[in-house]
Each structure stands twice: as structure tokens, then as C-alpha cells.
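With mmCIF, C-alpha atoms inside, this is work-v2.cif:
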data_target
#
loop_
_atom_site.group_PDB
_atom_site.id
_atom_site.type_symbol
_atom_site.label_atom_id
_atom_site.label_comp_id
_atom_site.auth_asym_id
_atom_site.auth_seq_id
_atom_site.Cartn_x
_atom_site.Cartn_y
_atom_site.Cartn_z
ATOM 1 C CA MET D 1 104.482 100.556 150.394
ATOM 2 C CA SER D 2 107.527 99.009 148.720
ATOM 3 C CA SER D 3 107.649 96.510 145.924
ATOM 4 C CA LYS D 4 108.571 93.863 148.530
ATOM 5 C CA ASP D 5 105.304 94.564 150.397
ATOM 6 C CA SER D 6 103.299 94.334 147.159
ATOM 7 C CA ILE D 7 105.004 91.069 146.246
ATOM 8 C CA GLU D 8 104.291 89.650 149.721
ATOM 9 C CA MET D 9 100.629 90.655 149.532
ATOM 10 C CA LEU D 10 100.165 89.223 146.054
ATOM 11 C CA SER D 11 101.954 86.029 147.065
ATOM 12 C CA ALA D 12 99.389 85.696 149.857
ATOM 13 C CA GLY D 13 96.568 86.121 147.328
ATOM 14 C CA LEU D 14 95.842 89.725 148.281
ATOM 15 C CA VAL D 15 95.824 92.564 145.743
ATOM 16 C CA PRO D 16 97.314 95.994 146.592
ATOM 17 C CA GLU D 17 94.612 98.528 145.704
ATOM 18 C CA LYS D 18 96.756 100.248 143.063
ATOM 19 C CA TYR D 19 96.779 97.012 141.032
ATOM 20 C CA LEU D 20 93.079 96.131 141.458
ATOM 21 C CA ARG D 21 92.146 97.110 137.900
ATOM 22 C CA ASN D 22 95.010 95.057 136.434
ATOM 23 C CA ILE D 23 93.981 91.735 137.889
ATOM 24 C CA GLY D 24 91.031 90.917 135.633
ATOM 25 C CA THR D 25 93.373 91.047 132.644
ATOM 26 C CA ILE D 26 96.612 89.480 133.906
ATOM 27 C CA GLY D 27 95.649 87.794 137.201
ATOM 28 C CA ILE D 28 97.569 87.810 140.491
ATOM 29 C CA ASP D 29 100.243 85.577 139.003
ATOM 30 C CA GLY D 30 100.686 87.970 136.070
ATOM 31 C CA GLN D 31 100.995 90.947 138.416
ATOM 32 C CA LEU D 32 103.636 89.099 140.427
ATOM 33 C CA ARG D 33 105.558 88.329 137.261
ATOM 34 C CA LEU D 34 105.490 92.002 136.241
ATOM 35 C CA LEU D 35 106.677 93.221 139.653
ATOM 36 C CA LYS D 36 109.586 90.784 139.530
ATOM 37 C CA ALA D 37 110.439 91.602 135.891
ATOM 38 C CA ARG D 38 113.337 93.659 134.579
ATOM 39 C CA VAL D 39 113.080 95.521 131.283
ATOM 40 C CA ALA D 40 115.272 97.978 129.376
ATOM 41 C CA VAL D 41 113.764 100.912 127.471
ATOM 42 C CA ILE D 42 116.147 102.480 124.984
ATOM 43 C CA GLY D 43 115.106 106.040 124.344
ATOM 44 C CA ALA D 44 112.973 108.165 126.690
ATOM 45 C CA GLY D 45 111.469 110.441 124.049
ATOM 46 C CA GLY D 46 108.099 110.223 122.273
ATOM 47 C CA LEU D 47 107.771 106.446 122.350
ATOM 48 C CA GLY D 48 109.902 105.860 125.444
ATOM 49 C CA GLY D 49 108.181 108.403 127.700
ATOM 50 C CA ASN D 50 104.803 106.800 127.074
ATOM 51 C CA VAL D 51 106.232 103.271 127.330
ATOM 52 C CA ILE D 52 107.888 104.027 130.697
ATOM 53 C CA GLU D 53 104.759 105.672 132.112
ATOM 54 C CA LEU D 54 102.527 102.739 131.142
ATOM 55 C CA LEU D 55 104.974 100.050 132.282
ATOM 56 C CA ALA D 56 105.269 101.769 135.658
ATOM 57 C CA ARG D 57 101.506 102.115 136.110
ATOM 58 C CA GLN D 58 101.044 98.477 135.134
ATOM 59 C CA GLY D 59 103.624 97.571 137.800
ATOM 60 C CA VAL D 60 106.708 96.354 135.953
ATOM 61 C CA GLY D 61 109.207 96.294 138.823
ATOM 62 C CA HIS D 62 112.516 97.296 137.279
ATOM 63 C CA ILE D 63 112.866 99.625 134.296
ATOM 64 C CA ARG D 64 116.320 100.464 132.980
ATOM 65 C CA VAL D 65 115.991 103.687 130.991
ATOM 66 C CA ILE D 66 118.819 104.434 128.578
ATOM 67 C CA ASP D 67 119.030 107.908 127.044
ATOM 68 C CA GLY D 68 121.921 110.360 126.888
ATOM 69 C CA ASP D 69 119.823 113.218 125.499
ATOM 70 C CA VAL D 70 118.298 116.222 127.277
ATOM 71 C CA PHE D 71 114.845 117.759 126.759
ATOM 72 C CA ALA D 72 114.463 120.570 124.222
ATOM 73 C CA PRO D 73 111.398 122.699 123.387
ATOM 74 C CA HIS D 74 110.713 120.688 120.186
ATOM 75 C CA ASN D 75 110.113 117.621 122.401
ATOM 76 C CA LEU D 76 107.174 119.206 124.244
ATOM 77 C CA ASN D 77 104.570 118.355 121.586
ATOM 78 C CA ARG D 78 104.777 114.618 122.193
ATOM 79 C CA GLN D 79 107.267 113.536 124.824
ATOM 80 C CA LEU D 80 105.290 112.753 127.969
ATOM 81 C CA LEU D 81 108.274 113.221 130.276
ATOM 82 C CA ALA D 82 109.158 116.658 128.872
ATOM 83 C CA THR D 83 107.790 119.717 130.670
ATOM 84 C CA GLU D 84 108.477 123.423 130.380
ATOM 85 C CA SER D 85 110.330 123.217 133.689
ATOM 86 C CA ASN D 86 112.711 120.348 132.856
ATOM 87 C CA LEU D 87 114.122 121.586 129.537
ATOM 88 C CA GLY D 88 117.851 120.811 129.476
ATOM 89 C CA VAL D 89 117.413 117.883 131.915
ATOM 90 C CA ASN D 90 118.590 114.389 130.921
ATOM 91 C CA LYS D 91 115.648 112.256 129.748
ATOM 92 C CA ALA D 92 116.582 109.112 131.722
ATOM 93 C CA LEU D 93 116.918 111.102 134.947
ATOM 94 C CA ALA D 94 113.585 112.825 134.255
ATOM 95 C CA ALA D 95 112.003 109.370 133.841
ATOM 96 C CA ALA D 96 113.257 108.323 137.284
ATOM 97 C CA ASP D 97 111.808 111.494 138.866
ATOM 98 C CA ARG D 98 108.457 111.040 137.153
ATOM 99 C CA ILE D 99 108.062 107.357 138.027
ATOM 100 C CA ALA D 100 108.997 107.957 141.669
ATOM 101 C CA GLU D 101 105.786 110.012 141.816
ATOM 102 C CA VAL D 102 103.687 107.452 139.913
ATOM 103 C CA ASN D 103 104.548 104.089 141.494
ATOM 104 C CA SER D 104 107.050 103.589 144.325
ATOM 105 C CA ASP D 105 107.082 99.823 143.615
ATOM 106 C CA VAL D 106 108.980 100.531 140.425
ATOM 107 C CA HIS D 107 112.718 101.043 140.387
ATOM 108 C CA VAL D 108 113.926 103.139 137.462
ATOM 109 C CA GLU D 109 117.608 102.596 136.750
ATOM 110 C CA ALA D 110 118.526 105.757 134.841
ATOM 111 C CA VAL D 111 121.418 105.391 132.396
ATOM 112 C CA SER D 112 122.170 108.886 131.141
ATOM 113 C CA LYS D 113 124.220 107.909 128.125
ATOM 114 C CA MET D 114 123.576 106.808 124.577
ATOM 115 C CA LEU D 115 123.692 103.134 123.740
ATOM 116 C CA ASP D 116 126.500 102.350 121.274
ATOM 117 C CA ALA D 117 128.475 99.398 119.916
ATOM 118 C CA GLU D 118 130.911 99.644 122.844
ATOM 119 C CA ASN D 119 128.378 99.488 125.677
ATOM 120 C CA ALA D 120 125.368 97.704 124.121
ATOM 121 C CA LEU D 121 126.068 94.242 125.572
ATOM 122 C CA GLU D 122 126.594 95.649 129.042
ATOM 123 C CA LEU D 123 123.585 97.988 128.975
ATOM 124 C CA LEU D 124 121.135 95.365 127.715
ATOM 125 C CA ALA D 125 122.344 92.540 129.975
ATOM 126 C CA GLU D 126 120.196 90.920 132.653
ATOM 127 C CA VAL D 127 116.779 92.077 131.522
ATOM 128 C CA ASP D 128 113.748 90.032 130.467
ATOM 129 C CA VAL D 129 112.641 92.269 127.590
ATOM 130 C CA VAL D 130 114.271 95.072 125.595
ATOM 131 C CA ILE D 131 112.056 97.869 124.244
ATOM 132 C CA ASP D 132 113.197 99.774 121.171
ATOM 133 C CA ALA D 133 111.972 103.358 121.573
ATOM 134 C CA LEU D 134 114.757 104.889 119.501
ATOM 135 C CA ASP D 135 114.686 107.485 116.743
ATOM 136 C CA ASN D 136 117.360 106.285 114.319
ATOM 137 C CA ILE D 137 117.780 103.177 112.214
ATOM 138 C CA SER D 138 121.440 102.337 112.894
ATOM 139 C CA CYS D 139 120.966 102.173 116.662
ATOM 140 C CA ARG D 140 117.767 100.129 116.197
ATOM 141 C CA LEU D 141 119.762 97.580 114.180
ATOM 142 C CA LEU D 142 122.470 97.509 116.869
ATOM 143 C CA VAL D 143 119.822 96.884 119.550
ATOM 144 C CA SER D 144 118.256 94.108 117.483
ATOM 145 C CA LYS D 145 121.624 92.402 116.993
ATOM 146 C CA THR D 146 122.552 92.754 120.666
ATOM 147 C CA ALA D 147 119.189 91.484 121.956
ATOM 148 C CA ARG D 148 119.535 88.392 119.755
ATOM 149 C CA GLN D 149 123.086 87.860 120.999
ATOM 150 C CA LEU D 150 121.858 88.043 124.604
ATOM 151 C CA GLY D 151 118.794 85.872 123.867
ATOM 152 C CA ILE D 152 116.323 88.565 124.951
ATOM 153 C CA PRO D 153 112.953 89.366 123.263
ATOM 154 C CA LEU D 154 112.802 92.796 121.633
ATOM 155 C CA VAL D 155 109.665 94.907 121.262
ATOM 156 C CA HIS D 156 110.152 97.325 118.384
ATOM 157 C CA GLY D 157 108.178 100.494 117.717
ATOM 158 C CA ALA D 158 108.669 103.374 115.283
ATOM 159 C CA ILE D 159 106.560 106.294 114.082
ATOM 160 C CA ALA D 160 106.407 109.057 111.471
ATOM 161 C CA GLY D 161 103.507 111.430 110.869
ATOM 162 C CA PHE D 162 100.227 109.483 111.153
ATOM 163 C CA THR D 163 102.123 106.227 110.600
ATOM 164 C CA GLY D 164 103.657 103.728 112.966
ATOM 165 C CA GLN D 165 104.693 100.123 113.385
ATOM 166 C CA VAL D 166 105.167 97.615 116.198
ATOM 167 C CA THR D 167 106.498 94.064 116.272
ATOM 168 C CA THR D 168 108.029 91.649 118.780
ATOM 169 C CA LEU D 169 111.215 89.842 117.797
ATOM 170 C CA LEU D 170 112.257 86.674 119.596
ATOM 171 C CA PRO D 171 115.983 85.804 119.569
ATOM 172 C CA GLN D 172 115.520 82.858 117.205
ATOM 173 C CA ASP D 173 113.614 84.970 114.632
ATOM 174 C CA ALA D 174 114.889 87.357 111.971
ATOM 175 C CA GLY D 175 116.081 90.696 113.328
ATOM 176 C CA LEU D 176 115.141 94.237 112.340
ATOM 177 C CA GLU D 177 117.170 93.845 109.115
ATOM 178 C CA SER D 178 113.949 92.305 107.763
ATOM 179 C CA ILE D 179 112.257 95.712 108.135
ATOM 180 C CA TYR D 180 115.075 98.167 107.509
ATOM 181 C CA LYS D 181 117.468 98.021 104.600
ATOM 182 C CA VAL D 182 120.936 99.159 105.541
ATOM 183 C CA THR D 183 121.967 101.850 103.111
ATOM 184 C CA ALA D 184 124.822 104.260 103.608
ATOM 185 C CA GLY D 185 123.820 107.727 104.719
ATOM 186 C CA SER D 186 120.163 106.934 105.493
ATOM 187 C CA ASP D 187 119.774 106.695 109.224
ATOM 188 C CA LYS D 188 116.338 108.249 109.403
ATOM 189 C CA GLY D 189 112.993 107.359 107.877
ATOM 190 C CA ILE D 190 110.089 109.394 106.554
ATOM 191 C CA GLU D 191 109.728 111.182 109.913
ATOM 192 C CA THR D 192 112.183 113.730 108.542
ATOM 193 C CA ALA D 193 109.405 114.754 106.105
ATOM 194 C CA LEU D 194 106.278 113.937 108.144
ATOM 195 C CA GLY D 195 107.406 114.944 111.626
ATOM 196 C CA ASN D 196 106.437 113.387 114.951
ATOM 197 C CA PRO D 197 103.017 114.623 116.112
ATOM 198 C CA ALA D 198 101.542 114.185 119.595
ATOM 199 C CA ALA D 199 99.336 111.115 119.380
ATOM 200 C CA THR D 200 101.253 108.793 117.038
ATOM 201 C CA PRO D 201 104.046 107.873 119.503
ATOM 202 C CA ALA D 202 101.474 107.442 122.295
ATOM 203 C CA PHE D 203 99.524 105.015 120.112
ATOM 204 C CA ALA D 204 102.562 102.963 119.071
ATOM 205 C CA ALA D 205 103.898 103.001 122.652
ATOM 206 C CA ALA D 206 100.602 101.643 123.986
ATOM 207 C CA ILE D 207 100.807 98.681 121.606
ATOM 208 C CA GLN D 208 104.465 98.147 122.568
ATOM 209 C CA VAL D 209 103.500 98.020 126.251
ATOM 210 C CA GLN D 210 100.765 95.460 125.530
ATOM 211 C CA GLU D 211 103.442 93.361 123.842
ATOM 212 C CA VAL D 212 105.793 93.647 126.841
ATOM 213 C CA ILE D 213 103.001 92.622 129.218
ATOM 214 C CA LYS D 214 102.102 89.625 127.045
ATOM 215 C CA VAL D 215 105.752 88.523 126.823
ATOM 216 C CA LEU D 216 106.242 88.847 130.601
ATOM 217 C CA THR D 217 102.961 87.249 131.719
ATOM 218 C CA GLY D 218 102.439 84.709 128.948
ATOM 219 C CA VAL D 219 98.885 86.030 128.455
ATOM 220 C CA GLY D 220 97.613 86.325 124.877
ATOM 221 C CA GLU D 221 99.424 86.193 121.568
ATOM 222 C CA ILE D 222 102.398 88.409 120.728
ATOM 223 C CA LEU D 223 103.078 90.112 117.381
ATOM 224 C CA ARG D 224 105.746 87.544 116.558
ATOM 225 C CA GLN D 225 106.942 87.608 112.928
ATOM 226 C CA ARG D 226 104.115 90.034 112.244
ATOM 227 C CA LEU D 227 104.410 93.780 111.979
ATOM 228 C CA LEU D 228 101.414 95.835 113.017
ATOM 229 C CA TYR D 229 101.498 98.748 110.593
ATOM 230 C CA PHE D 230 99.087 101.650 111.010
ATOM 231 C CA ASP D 231 98.411 104.804 109.074
ATOM 232 C CA THR D 232 95.637 106.690 110.825
ATOM 233 C CA GLU D 233 95.528 109.322 108.077
ATOM 234 C CA LEU D 234 93.571 106.761 106.017
ATOM 235 C CA ASN D 235 92.545 104.412 108.863
ATOM 236 C CA ILE D 236 94.818 101.650 107.631
ATOM 237 C CA PHE D 237 95.673 98.892 110.127
ATOM 238 C CA GLU D 238 97.587 95.964 108.679
ATOM 239 C CA LEU D 239 99.308 92.923 110.084
ATOM 240 C CA LEU D 240 102.253 92.203 107.791
ATOM 241 C CA ASP D 241 103.871 88.787 107.683
ATOM 242 C CA ILE D 242 107.602 89.559 108.042
ATOM 243 C CA ARG D 243 108.956 86.001 108.286
ATOM 244 C CA MET C 1 97.597 93.054 85.940
ATOM 245 C CA ILE C 2 99.377 93.804 89.225
ATOM 246 C CA GLU C 3 97.657 95.458 92.175
ATOM 247 C CA VAL C 4 99.870 98.032 93.863
ATOM 248 C CA ARG C 5 99.424 99.572 97.318
ATOM 249 C CA LEU C 6 101.625 102.508 98.219
ATOM 250 C CA TYR C 7 101.941 103.606 101.818
ATOM 251 C CA ALA C 8 102.602 106.952 103.531
ATOM 252 C CA THR C 9 105.017 109.174 101.562
ATOM 253 C CA LEU C 10 105.055 106.752 98.606
ATOM 254 C CA ARG C 11 101.381 107.494 97.860
ATOM 255 C CA ARG C 12 102.458 110.580 95.922
ATOM 256 C CA PHE C 13 103.699 108.230 93.195
ATOM 257 C CA SER C 14 100.148 106.950 92.542
ATOM 258 C CA PRO C 15 98.449 107.708 89.221
ATOM 259 C CA GLU C 16 96.072 110.655 89.580
ATOM 260 C CA ALA C 17 92.904 108.580 89.267
ATOM 261 C CA SER C 18 93.784 106.243 92.133
ATOM 262 C CA THR C 19 92.565 106.740 95.651
ATOM 263 C CA ALA C 20 94.492 105.994 98.819
ATOM 264 C CA GLY C 21 97.553 104.813 96.905
ATOM 265 C CA VAL C 22 95.837 101.703 95.516
ATOM 266 C CA PHE C 23 95.876 101.056 91.750
ATOM 267 C CA THR C 24 96.519 98.375 89.147
ATOM 268 C CA LEU C 25 98.931 98.319 86.259
ATOM 269 C CA THR C 26 100.133 95.959 83.560
ATOM 270 C CA LEU C 27 103.824 95.131 83.288
ATOM 271 C CA PRO C 28 105.795 93.169 80.676
ATOM 272 C CA GLU C 29 105.951 89.440 81.437
ATOM 273 C CA ASP C 30 108.591 88.369 83.986
ATOM 274 C CA SER C 31 108.951 91.872 85.416
ATOM 275 C CA SER C 32 110.460 92.066 88.900
ATOM 276 C CA VAL C 33 109.475 94.342 91.768
ATOM 277 C CA LYS C 34 112.431 96.478 90.708
ATOM 278 C CA GLY C 35 110.830 96.802 87.265
ATOM 279 C CA LEU C 36 107.571 97.815 88.910
ATOM 280 C CA LEU C 37 109.372 100.526 90.919
ATOM 281 C CA SER C 38 110.977 101.822 87.771
ATOM 282 C CA ALA C 39 107.577 101.909 85.998
ATOM 283 C CA ILE C 40 106.042 104.074 88.726
ATOM 284 C CA GLY C 41 109.141 106.205 89.336
ATOM 285 C CA ILE C 42 110.071 105.101 92.866
ATOM 286 C CA SER C 43 113.745 104.729 93.790
ATOM 287 C CA PRO C 44 114.503 101.278 95.298
ATOM 288 C CA SER C 45 116.307 103.024 98.171
ATOM 289 C CA ASP C 46 112.995 104.614 99.256
ATOM 290 C CA VAL C 47 111.393 101.195 99.833
ATOM 291 C CA HIS C 48 112.508 99.317 102.935
ATOM 292 C CA LEU C 49 109.715 96.819 103.341
ATOM 293 C CA LEU C 50 107.887 95.225 100.451
ATOM 294 C CA MET C 51 105.137 92.666 100.523
ATOM 295 C CA VAL C 52 103.926 90.420 97.705
ATOM 296 C CA ASN C 53 100.596 88.682 98.328
ATOM 297 C CA GLY C 54 100.897 89.372 102.044
ATOM 298 C CA ALA C 55 104.415 88.016 102.544
ATOM 299 C CA SER C 56 107.728 89.828 102.776
ATOM 300 C CA ALA C 57 109.639 89.770 99.452
ATOM 301 C CA GLU C 58 112.808 91.079 97.824
ATOM 302 C CA LEU C 59 113.348 93.521 94.958
ATOM 303 C CA ASP C 60 114.295 90.772 92.481
ATOM 304 C CA ARG C 61 111.032 88.893 93.037
ATOM 305 C CA ILE C 62 109.409 88.150 89.643
ATOM 306 C CA LEU C 63 105.778 89.204 89.563
ATOM 307 C CA SER C 64 102.895 87.141 88.199
ATOM 308 C CA GLU C 65 99.469 88.105 86.920
ATOM 309 C CA GLY C 66 97.207 89.048 89.826
ATOM 310 C CA ASP C 67 99.982 89.620 92.374
ATOM 311 C CA ARG C 68 99.355 92.200 95.078
ATOM 312 C CA VAL C 69 102.363 94.351 95.924
ATOM 313 C CA GLY C 70 102.642 96.602 99.002
ATOM 314 C CA LEU C 71 105.479 99.139 99.167
ATOM 315 C CA PHE C 72 106.471 100.751 102.477
ATOM 316 C CA PRO C 73 108.961 103.559 103.106
ATOM 317 C CA PRO C 74 111.092 103.372 106.285
ATOM 318 C CA VAL C 75 109.422 104.550 109.498
ATOM 319 C CA GLY C 76 112.109 105.368 112.033
ATOM 320 C CA GLY C 77 110.988 108.110 114.418
ATOM 321 C CA GLY C 78 110.342 107.926 118.118
#

Give the structure from the file, written as C-alpha cells.
Amino acid sequence: MSSKDSIEMLSAGLVPEKYLRNIGTIGIDGQLRLLKARVAVIGAGGLGGNVIELLARQGVGHIRVIDGDVFAPHNLNRQLLATESNLGVNKALAAADRIAEVNSDVHVEAVSKMLDAENALELLAEVDVVIDALDNISCRLLVSKTARQLGIPLVHGAIAGFTGQVTTLLPQDAGLESIYKVTAGSDKGIETALGNPAATPAFAAAIQVQEVIKVLTGVGEILRQRLLYFDTELNIFELLDIR
Amino acid sequence: MIEVRLYATLRRFSPEASTAGVFTLTLPEDSSVKGLLSAIGISPSDVHLLMVNGASAELDRILSEGDRVGLFPPVGGG
């Protein structure tokens, strides 16, 4: 069954079986919105792999995956798309292969290059939501600036050790400069000391996906101008006002 | 008295008696957040996000009796 068939069924008030368990939460109209939506995920690593998997299962119709990196053994602990048999394979291409097996309604547009100042406007154009699943601060700031320029909501996530954070930035709000100070020579955060364990990116990615679904369907309340900060080492969950 | 909450890697700067990075201290009148950082030995470059009484603030913010200050290091991994 193609995405066109699913859209036709839903438009007629019928629910394809694979989406049955979604409907109580987002309704038929919400499912239609997701199938017709276009999103860009920047980074297909720890956060991105989980984000892509969940977006595809939820039925977000078009996912542009941007990542120029290839899988290495140190990715296996947490990166859902990494397997022992695809080491050395580009992460965006691996995402397309994986999602083809999960949900044929979803088109993954694999962009096997890194986002940079030269290509950012082009790579983030014509999507409804941008998802920051990156691993460095300078590129996160570039994505934030570009998403604002294009007028597209941005769902940010970042992790380190037991700690993580998620927020949703609308174009008219302050960008990621409100979270990260730009200082020369510091492109990484405390993950360089604390590492990136298995469950932390999955947890942050799950919250990011809930944000994307809320933005696309209009259901619920997004984390706008609030940063969900968690530190599961001490069971700390805080909503920080970042206006 | 100022209530301080240190998060993640900054917790190591807590006084020994404190638990979970939460403690109070007394600063000279009209001290800023920068002065607070200096008093507990944290470099301003290690703090990316700082909250005073639940709202985002800057390093030059002057602190008042009873203020609650949260200090967060940058989280950037994926």
C-alpha cells in the first residue's frame, strides 16, 4: 500500500490498520496531516536514528535525512540505525534502507552530506519542521539561524551522559543562542566528558518526536520558550523558562 | 543568602556537605552571577545557561537576598 492509498482511505474516514493505534491520540485528521507533512532531520546518529524511526512509524510522510557521516563501531551503543553489518555505510542512506522496511508510506530523502553555511538554506527549504539531531554546537546555531530565516519551526534536542534537553523554537522566538554561548574553540558540550550512553538519546529523541507531532497536528501544547531539561542520574526533570 | 543549584558536571563544584548540587551561600551585597561563579570556582565559560528565580538571566545580573540560581553546562551531544 502506498502513501496515496493511505491518504485516500483516511480521507474517506477509513483507517489503514498500521495506523489504528495512532488514531485515539491524533485522530484521522492528524494522521492525514502527518502523512502529508515534510520534515528535515539533521543528523542520523543517536538522536536522529531514534527520531527517524519514530516519525516513520507514526506515519510522517516525507523525511529528509541529512548526514554526511558513516557508521563506526563506537556508534553501535546508541545509534538505532547502526548495525554490525552496515559499518562504513552513510547514515542517511542507512536510514532510507531501514525505513523502507518499516513503513512504505514514508519517503526518506537521503542527503549524504553535511549541512554547512553554503547549503543550509537549500537543504532546509520546503519542509514543515526541522529537527536538530546534531552533535556540535556551531552547526546547531547555523540550523537555528537558517530555520528562522526560512520561517520554519525547529525542534532541538541534545544529550550528554544521563542529561538531555529538548525545546521547540518558533521562527518569531529567540534562537538557540539563548541556550548556547558562542565561544571560540568550544564546539562541544559536556558529552566529551560524560559520553553518549544508550538510553539518553532515545529518551530525548522520543520527546522531540512528540514535539514534531504536536507541531504538525496542532494537538496539545508544545515546549515553546521552555526547555525540558532532564538529568536521570538524580531524577531531575525541569521546565526552564528560556524567553 | 542565595540558593544555588548546580547541574551535571558543575555539581563537582558544590561544597562537600551539599547533596545533589544544591546549597546556599552568602555573598557581599550587590554581587552579580559572575561574582557567585568566582566564589564557587566555576569559570564563566563553563556555564551556557543560567536561571535566576526560574527565568533565563545573564552573567551581570545582580543578585538579591533569597534569589535562586541554576547553573547549567552546555549539553551538545547527539

_At a cut-off of 9 Å, which residues of chain C touch chain D? Count all atoms listed in the file and give the answer as number ranges by chain._
C: 7-9, 20, 45, 47-51, 54-57, 73-78

_Hits from the PyMOL selection byres ((chain C and resi 22) around 12), listed as JSON, numbers by chain_ = {"D": [234], "C": [2, 3, 4, 5, 6, 7, 8, 10, 11, 12, 13, 14, 15, 16, 17, 18, 19, 20, 21, 23, 24, 25, 68, 69, 70, 71]}

*Return the single residue from D:Ile63, D:Met114, D:Ile28, D:Leu124 that is closest to Glu8 of chain D, with distances computed using only C-alpha atoms.*
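Among the listed residues, D:Ile28 lies closest to Glu8 of chain D.
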
*Residue contacts of Glu211 of chain D (8 Å, all atoms listed in the file) excluding same-chain residues fewer than 6 positions away, as a ChimeraX atom specification*: /D:155,168,222-223

_Using Å and a single decimal, report how far atom CA of Ala40 of chain D sits from atom CA of Ala120 of chain D._
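Value for the atom CA of Ala120 of chain D-atom CA of Ala40 of chain D distance: 11.4 Å.
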
*With only C-alpha atoms as the basis for distance, which of C:Gly35, C:Pro28, C:Asp60, C:Gly41 is at the shortest distance from Met1 of chain C?*
C:Pro28

*asked:* Env of Gly13 of chain D: 12 Å cut, atoms = only C-alpha atoms, seq-sep filter 2 positions within chain, self excluded. Answer as an MDAnalysis selection string.
replied: chainID D and resid 6:11 15:16 23 27:29 31:32

*asked:* Translate the PyMOL selection byres ((chain D and resi 57-61) around 12) into a concrete residue list for this structure, as a PyMOL selection string.
replied: chain D and resi 2-4+6-7+16+18-23+25-26+28+30-41+50-56+62-64+98-109+127-129+206+209-210+212-213+216-217

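What separates atom CA of Gly151 of chain D from atom CA of Ala174 of chain D is a distance of 12.6 Å.
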
*asked:* For a test of reading the model, state the distance in Å between atom CA of Lys145 of chain D and atom CA of Leu170 of chain D, rounded to one decimal.
replied: 11.3 Å

*For Asp30 of chain C, which of C:Glu58, C:Asn53, C:Leu63, C:Pro44 is the closest residue, counting only C-alpha atoms?*
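Among C:Glu58, C:Asn53, C:Leu63, C:Pro44, it is C:Leu63 that comes nearest to Asp30 of chain C.
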
_Between D:Leu93, D:Ala199, D:Gly220, D:Asn75, which residue has the minimum interatomic distance to Ser112 of chain D, considering only C-alpha atoms?_
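Between D:Leu93, D:Ala199, D:Gly220, D:Asn75, the residue approaching Ser112 of chain D most closely is D:Leu93.
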
_When the PyMOL selection byres ((chain D and resi 85) around 12) is applied to the structure above, which residues does it catch, written out as a count of residues only?_
13

*asked:* Could you list, as a count of residues only, every residue within 8 Å of Arg148 of chain D, counting all atoms listed in the file and ignoring same-chain residues fewer than 4 positions away?
replied: 7

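Considering all atoms listed in the file, the residue among C:Asp46, C:Ile40, C:Lys34, C:Thr26 positioned nearest to Gly66 of chain C is C:Thr26.
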